[in-house]
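Peer 1: Structure incoming, see below.
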Amino acid sequence: MKLYAGIDLHASNNYIGVIDDNDNRLLSKKVNNDMVTVLEALAPFKENIEGVIVESTYNWYWLVDGLQEEGYHVHLANPAQIQQYNGKKYTDDKWDSFWLAHMKRLNILPEGYIYPKENRPVRDLLRRRMMYVRQKTSHILSLESMINRNCGLHISNKDIKKLTDADLGTMFEHRSLIYAAKSNLETIRFFDEKIKGIEKEIVSQAELDKDFELLQTMPGVGKILSLTIMLEVGDITRFARVNNYSSYCCCVKSERLSNNKKKGANNSKNGNRYLAWAYIEAAIFAINWYPEIKRYYQKKLAKTNRFVAVKTIAHKLARASYFIMRDKVPFDIKKLFF
């Protein structure tokens, strides 16, 4: 008899539901987030369990890894694509766990990618770098705004980083403004140091395969963006077509059409925001440094706004990188923009 287990995971506890081929409920239990406790609950059914379904929440690593180490076939459910019957008046953790198992039994479970455990720490460290970059940028913009507001001077981001404490003392008269500006500058320097340290650590740990070198043949893609793309993608063969990949990179419009008329938007957040960022960054660099791409961008800009024009370039770069990683070939600009 085939059995299916669904686990609705939360921060401190999870709800386990086990069903058979006839949808009979064999286990319904709420347990704490402890691997031993979870395994004890599943142990009586282990031999017949076809799959354990875990929803892809922010804290799934420990549970999925622990279950796989014990020999369970684990499936990661994609919550963005899971739809339940909207007519139901009441749902709870118990219902959700059985619904996960029920979808697997019917073979309609939308699954997410279980990223390899051995590469996950390096990828997550690179994500931490992105968080630090954003925080550093917010302090640069804050200091730039303060100088503009109080002194009437416009200083570029590049020049902001060159400022010294003495410069701030001559710019501002009030001690509170000087203190605030120095705090911004110290924070910017702190994040600069941390970002460089993370980059050094990642390069020393990451397994740099052929994709790492080939991706750098793309316009606007250097070592960091190449690492980001490589580590976020994992196995490129998990995407059957280039359209699947560009959608995952958030490069495809999210809209619902009927009779050639827009009737609304679908889930615009369904995808990988880190890859979306990487291709937008690459597009901006490519527009600034590659004349062929700049001309293409200007043609698009004449018909639409800046954001859409940049996103168009990002979409083309995402599609190009798919074939680079799949076919192990360098970038060819003639195939993309001509």
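Following the order of the structure tokens, chains are lettered A, B, ..., residues in each are numbered from 1, and ligands are numbered from 1.
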Give me every alpha helix (DSSP H) residue in range 273-305 of chain A, going by DSSP on the backbone, as a list of chain:residue names.
Peer 2: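 So, restricting range 273-305 of chain A to alpha helix (DSSP H), we get A:Arg273, A:Tyr274, A:Leu275, A:Ala276, A:Trp277, A:Ala278, A:Tyr279, A:Ile280, A:Glu281, A:Ala282, A:Ala283, A:Ile284, A:Phe285, A:Ala286, A:Ile287, A:Asn288, A:Trp289, A:Pro291, A:Glu292, A:Ile293, A:Lys294, A:Arg295, A:Tyr296, A:Tyr297, A:Gln298, A:Lys299, A:Lys300, A:Leu301.
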Peer 1: Convert the current residue selection to file output with N, CA and C atoms, as a CSV table (one decimal), in the first residue's frame.
Peer 2:
```
chain,number,residue,atom,x,y,z
A,273,ARG,N,14.6,36.2,-7.3
A,273,ARG,CA,14.9,37.7,-7.3
A,273,ARG,C,16.4,38.0,-7.4
A,274,TYR,N,17.2,37.0,-7.0
A,274,TYR,CA,18.7,37.2,-7.1
A,274,TYR,C,19.2,37.2,-8.5
A,275,LEU,N,18.6,36.3,-9.3
A,275,LEU,CA,18.9,36.2,-10.7
A,275,LEU,C,18.3,37.4,-11.5
A,276,ALA,N,17.2,37.9,-11.0
A,276,ALA,CA,16.6,39.1,-11.6
A,276,ALA,C,17.5,40.3,-11.4
A,277,TRP,N,18.0,40.4,-10.2
A,277,TRP,CA,19.0,41.5,-9.9
A,277,TRP,C,20.2,41.4,-10.8
A,278,ALA,N,20.7,40.1,-10.9
A,278,ALA,CA,22.0,39.9,-11.6
A,278,ALA,C,21.9,40.4,-13.1
A,279,TYR,N,20.8,40.0,-13.7
A,279,TYR,CA,20.6,40.4,-15.1
A,279,TYR,C,20.3,41.8,-15.3
A,280,ILE,N,19.6,42.5,-14.4
A,280,ILE,CA,19.4,43.9,-14.5
A,280,ILE,C,20.8,44.7,-14.3
A,281,GLU,N,21.6,44.2,-13.4
A,281,GLU,CA,22.9,44.8,-13.2
A,281,GLU,C,23.8,44.6,-14.5
A,282,ALA,N,23.7,43.4,-15.0
A,282,ALA,CA,24.5,43.1,-16.3
A,282,ALA,C,24.0,44.0,-17.4
A,283,ALA,N,22.7,44.2,-17.5
A,283,ALA,CA,22.1,45.0,-18.6
A,283,ALA,C,22.6,46.5,-18.5
A,284,ILE,N,22.6,47.0,-17.3
A,284,ILE,CA,23.0,48.4,-17.1
A,284,ILE,C,24.5,48.6,-17.5
A,285,PHE,N,25.4,47.6,-17.0
A,285,PHE,CA,26.8,47.7,-17.4
A,285,PHE,C,26.9,47.6,-18.9
A,286,ALA,N,26.2,46.6,-19.5
A,286,ALA,CA,26.3,46.4,-21.0
A,286,ALA,C,25.9,47.6,-21.8
A,287,ILE,N,24.8,48.3,-21.3
A,287,ILE,CA,24.4,49.5,-22.0
A,287,ILE,C,25.4,50.6,-22.0
A,288,ASN,N,26.1,50.7,-20.9
A,288,ASN,CA,27.1,51.8,-20.7
A,288,ASN,C,28.4,51.5,-21.5
A,289,TRP,N,28.8,50.2,-21.7
A,289,TRP,CA,30.1,49.9,-22.2
A,289,TRP,C,30.1,49.2,-23.6
A,291,PRO,N,28.7,49.5,-27.4
A,291,PRO,CA,28.0,50.4,-28.3
A,291,PRO,C,26.8,49.7,-29.0
A,292,GLU,N,27.0,48.4,-29.4
A,292,GLU,CA,25.9,47.7,-30.1
A,292,GLU,C,24.7,47.6,-29.2
A,293,ILE,N,24.9,47.3,-27.9
A,293,ILE,CA,23.8,47.1,-27.0
A,293,ILE,C,23.2,48.5,-26.7
A,294,LYS,N,24.0,49.5,-26.6
A,294,LYS,CA,23.5,50.8,-26.3
A,294,LYS,C,22.6,51.3,-27.5
A,295,ARG,N,23.0,51.0,-28.7
A,295,ARG,CA,22.1,51.4,-29.8
A,295,ARG,C,20.8,50.7,-29.7
A,296,TYR,N,20.8,49.4,-29.4
A,296,TYR,CA,19.5,48.6,-29.3
A,296,TYR,C,18.7,49.2,-28.2
A,297,TYR,N,19.3,49.6,-27.1
A,297,TYR,CA,18.6,50.1,-25.9
A,297,TYR,C,18.0,51.5,-26.3
A,298,GLN,N,18.7,52.3,-27.0
A,298,GLN,CA,18.1,53.6,-27.4
A,298,GLN,C,16.9,53.5,-28.3
A,299,LYS,N,16.9,52.4,-29.2
A,299,LYS,CA,15.8,52.2,-30.1
A,299,LYS,C,14.6,51.8,-29.2
A,300,LYS,N,14.8,51.0,-28.2
A,300,LYS,CA,13.7,50.6,-27.3
A,300,LYS,C,13.2,51.8,-26.5
A,301,LEU,N,14.2,52.6,-26.0
A,301,LEU,CA,13.9,53.7,-25.2
A,301,LEU,C,13.0,54.8,-25.9
```
Peer 1: As an NGL selection string, please: the residues near Ile108 in chain A (cut-off 12 Å, only C-alpha atoms, same-chain neighbours under 5 positions excluded).
Peer 2: :A and (77-78 or 81-84 or 99-103)
Peer 1: Next, write the just-selected residues to a file, as a PDB file, in the first residue's frame, keeping C-alpha atoms as the atom set.
Peer 2:
```
ATOM      1  CA  ALA A  77       6.302  21.995  -2.761  1.00  0.00           C
ATOM      2  CA  ASN A  78       6.246  25.363  -4.515  1.00  0.00           C
ATOM      3  CA  GLN A  81       1.853  27.549  -7.568  1.00  0.00           C
ATOM      4  CA  ILE A  82      -0.282  25.671  -5.052  1.00  0.00           C
ATOM      5  CA  GLN A  83      -3.990  26.406  -5.358  1.00  0.00           C
ATOM      6  CA  GLN A  84      -6.696  25.067  -3.087  1.00  0.00           C
ATOM      7  CA  TRP A  99      -3.545  18.802   0.918  1.00  0.00           C
ATOM      8  CA  LEU A 100       0.198  18.504   0.229  1.00  0.00           C
ATOM      9  CA  ALA A 101      -0.002  14.723   0.484  1.00  0.00           C
ATOM     10  CA  HIS A 102      -3.196  14.672  -1.609  1.00  0.00           C
ATOM     11  CA  MET A 103      -1.561  16.596  -4.474  1.00  0.00           C
TER      12      MET A 103
END
```
Peer 1: Smallest atom-to-atom distance to Asp92 in chain A: which of A:Gly271, A:Arg175, A:Phe45, A:Asp8, using only C-alpha atoms?
Peer 2: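 Between A:Gly271, A:Arg175, A:Phe45, A:Asp8, the residue approaching Asp92 in chain A most closely is A:Asp8.
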Peer 1: So how many Å separate CA of Tyr179 in chain A and CA of Asn148 in chain A, to one decimal?
Peer 2: 16.5 Å
Peer 1: Sort by chain and increasing residue number a table of all residues of range 46-131 of chain A within 10 Å of range 222-232 of chain A, each with its closest pair of atoms and their distance in Å to one decimal, counting only C-alpha atoms, and write it as JSON lines.
Peer 2:
```
{"residue": "A:Tyr115", "atom": "CA", "partner": "A:Glu232", "partner_atom": "CA", "distance": 8.9}
{"residue": "A:Asn119", "atom": "CA", "partner": "A:Leu231", "partner_atom": "CA", "distance": 7.7}
{"residue": "A:Arg120", "atom": "CA", "partner": "A:Leu231", "partner_atom": "CA", "distance": 8.4}
{"residue": "A:Val122", "atom": "CA", "partner": "A:Leu231", "partner_atom": "CA", "distance": 8.0}
{"residue": "A:Arg123", "atom": "CA", "partner": "A:Leu231", "partner_atom": "CA", "distance": 5.6}
{"residue": "A:Asp124", "atom": "CA", "partner": "A:Leu231", "partner_atom": "CA", "distance": 9.1}
{"residue": "A:Leu126", "atom": "CA", "partner": "A:Thr228", "partner_atom": "CA", "distance": 7.0}
{"residue": "A:Arg127", "atom": "CA", "partner": "A:Thr228", "partner_atom": "CA", "distance": 8.3}
{"residue": "A:Arg129", "atom": "CA", "partner": "A:Ile224", "partner_atom": "CA", "distance": 10.0}
{"residue": "A:Met130", "atom": "CA", "partner": "A:Thr228", "partner_atom": "CA", "distance": 9.7}
```
Peer 1: Give me, as a list in words, all polymer residues having an atom no more than 12 Å from Val242 in chain A, counting only C-alpha atoms and skipping those fewer than 3 positions away in the same chain.
Peer 2: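 Those residues are Ile236, Thr237, Arg238, Phe239, Tyr245, Ser246, Ser247, Tyr248, Cys249, Cys251, Val252, His315, Lys316, Leu317, Ala318, Arg319, Ala320, Ser321, Tyr322, Phe323, Ile324, Met325 and Arg326 of chain A.
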Peer 1: Write out the residues from the selection above, keeping N, CA and C atoms, as a CSV table (one decimal), in the first residue's frame.
Peer 2:
```csv
chain,number,residue,atom,x,y,z
A,236,ILE,N,21.4,23.6,-14.7
A,236,ILE,CA,20.7,24.2,-15.8
A,236,ILE,C,19.7,23.3,-16.5
A,237,THR,N,20.0,22.0,-16.4
A,237,THR,CA,19.1,21.0,-17.1
A,237,THR,C,17.7,20.9,-16.4
A,238,ARG,N,17.6,21.5,-15.3
A,238,ARG,CA,16.2,21.4,-14.6
A,238,ARG,C,15.2,22.3,-15.3
A,239,PHE,N,15.7,23.2,-16.2
A,239,PHE,CA,14.8,24.0,-17.1
A,239,PHE,C,14.7,23.4,-18.5
A,245,TYR,N,13.4,29.2,-18.2
A,245,TYR,CA,14.5,29.8,-17.4
A,245,TYR,C,14.3,31.4,-17.4
A,246,SER,N,13.9,32.0,-18.5
A,246,SER,CA,13.7,33.4,-18.4
A,246,SER,C,12.6,33.8,-17.5
A,247,SER,N,11.6,33.0,-17.4
A,247,SER,CA,10.5,33.2,-16.5
A,247,SER,C,11.0,33.1,-15.1
A,248,TYR,N,11.8,32.1,-14.8
A,248,TYR,CA,12.4,32.0,-13.4
A,248,TYR,C,13.2,33.2,-13.0
A,249,CYS,N,13.8,33.8,-14.0
A,249,CYS,CA,14.7,35.0,-13.8
A,249,CYS,C,13.8,36.3,-13.7
A,251,CYS,N,12.0,37.7,-16.0
A,251,CYS,CA,12.2,38.5,-17.1
A,251,CYS,C,11.0,38.5,-18.1
A,252,VAL,N,10.0,37.8,-17.6
A,252,VAL,CA,8.8,37.6,-18.5
A,252,VAL,C,7.6,38.4,-17.8
A,315,HIS,N,16.4,40.6,-20.3
A,315,HIS,CA,15.8,39.4,-20.8
A,315,HIS,C,16.6,38.7,-21.9
A,316,LYS,N,17.2,39.5,-22.8
A,316,LYS,CA,18.0,38.9,-23.8
A,316,LYS,C,19.3,38.3,-23.2
A,317,LEU,N,19.9,38.9,-22.2
A,317,LEU,CA,21.1,38.3,-21.6
A,317,LEU,C,20.7,37.0,-20.8
A,318,ALA,N,19.6,37.0,-20.2
A,318,ALA,CA,19.1,35.8,-19.5
A,318,ALA,C,19.0,34.6,-20.5
A,319,ARG,N,18.4,34.9,-21.6
A,319,ARG,CA,18.2,33.9,-22.6
A,319,ARG,C,19.6,33.4,-23.2
A,320,ALA,N,20.5,34.3,-23.3
A,320,ALA,CA,21.8,34.0,-23.9
A,320,ALA,C,22.5,33.1,-22.8
A,321,SER,N,22.4,33.4,-21.6
A,321,SER,CA,23.2,32.7,-20.5
A,321,SER,C,22.6,31.3,-20.4
A,322,TYR,N,21.3,31.1,-20.7
A,322,TYR,CA,20.8,29.7,-20.7
A,322,TYR,C,21.5,28.8,-21.7
A,323,PHE,N,21.7,29.3,-22.9
A,323,PHE,CA,22.4,28.5,-23.9
A,323,PHE,C,23.9,28.4,-23.6
A,324,ILE,N,24.5,29.4,-23.0
A,324,ILE,CA,25.9,29.3,-22.6
A,324,ILE,C,26.1,28.2,-21.6
A,325,MET,N,25.2,28.1,-20.6
A,325,MET,CA,25.4,27.1,-19.6
A,325,MET,C,25.0,25.7,-20.1
A,326,ARG,N,23.9,25.7,-21.0
A,326,ARG,CA,23.5,24.4,-21.5
A,326,ARG,C,24.4,23.8,-22.5
```
Peer 1: When you look at Asn14 in chain A with a cut-off of 12 Å (counting only C-alpha atoms), what residues show up, excluding the ones that are within fewer than 2 positions of it in the same chain? I need them as number ranges by chain.
Peer 2: A: 6-12, 16-17, 28-35, 37-38, 41, 54-55, 57, 59-60, 63, 92-94, 96-97
Peer 1: Nearest to Phe172 in chain A among A:Gly51, A:Gly152, A:Gly66, A:Pro44, with distances taken over only C-alpha atoms: which residue is it?
Peer 2: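 Counting only C-alpha atoms, the residue closest to Phe172 in chain A is A:Gly152.
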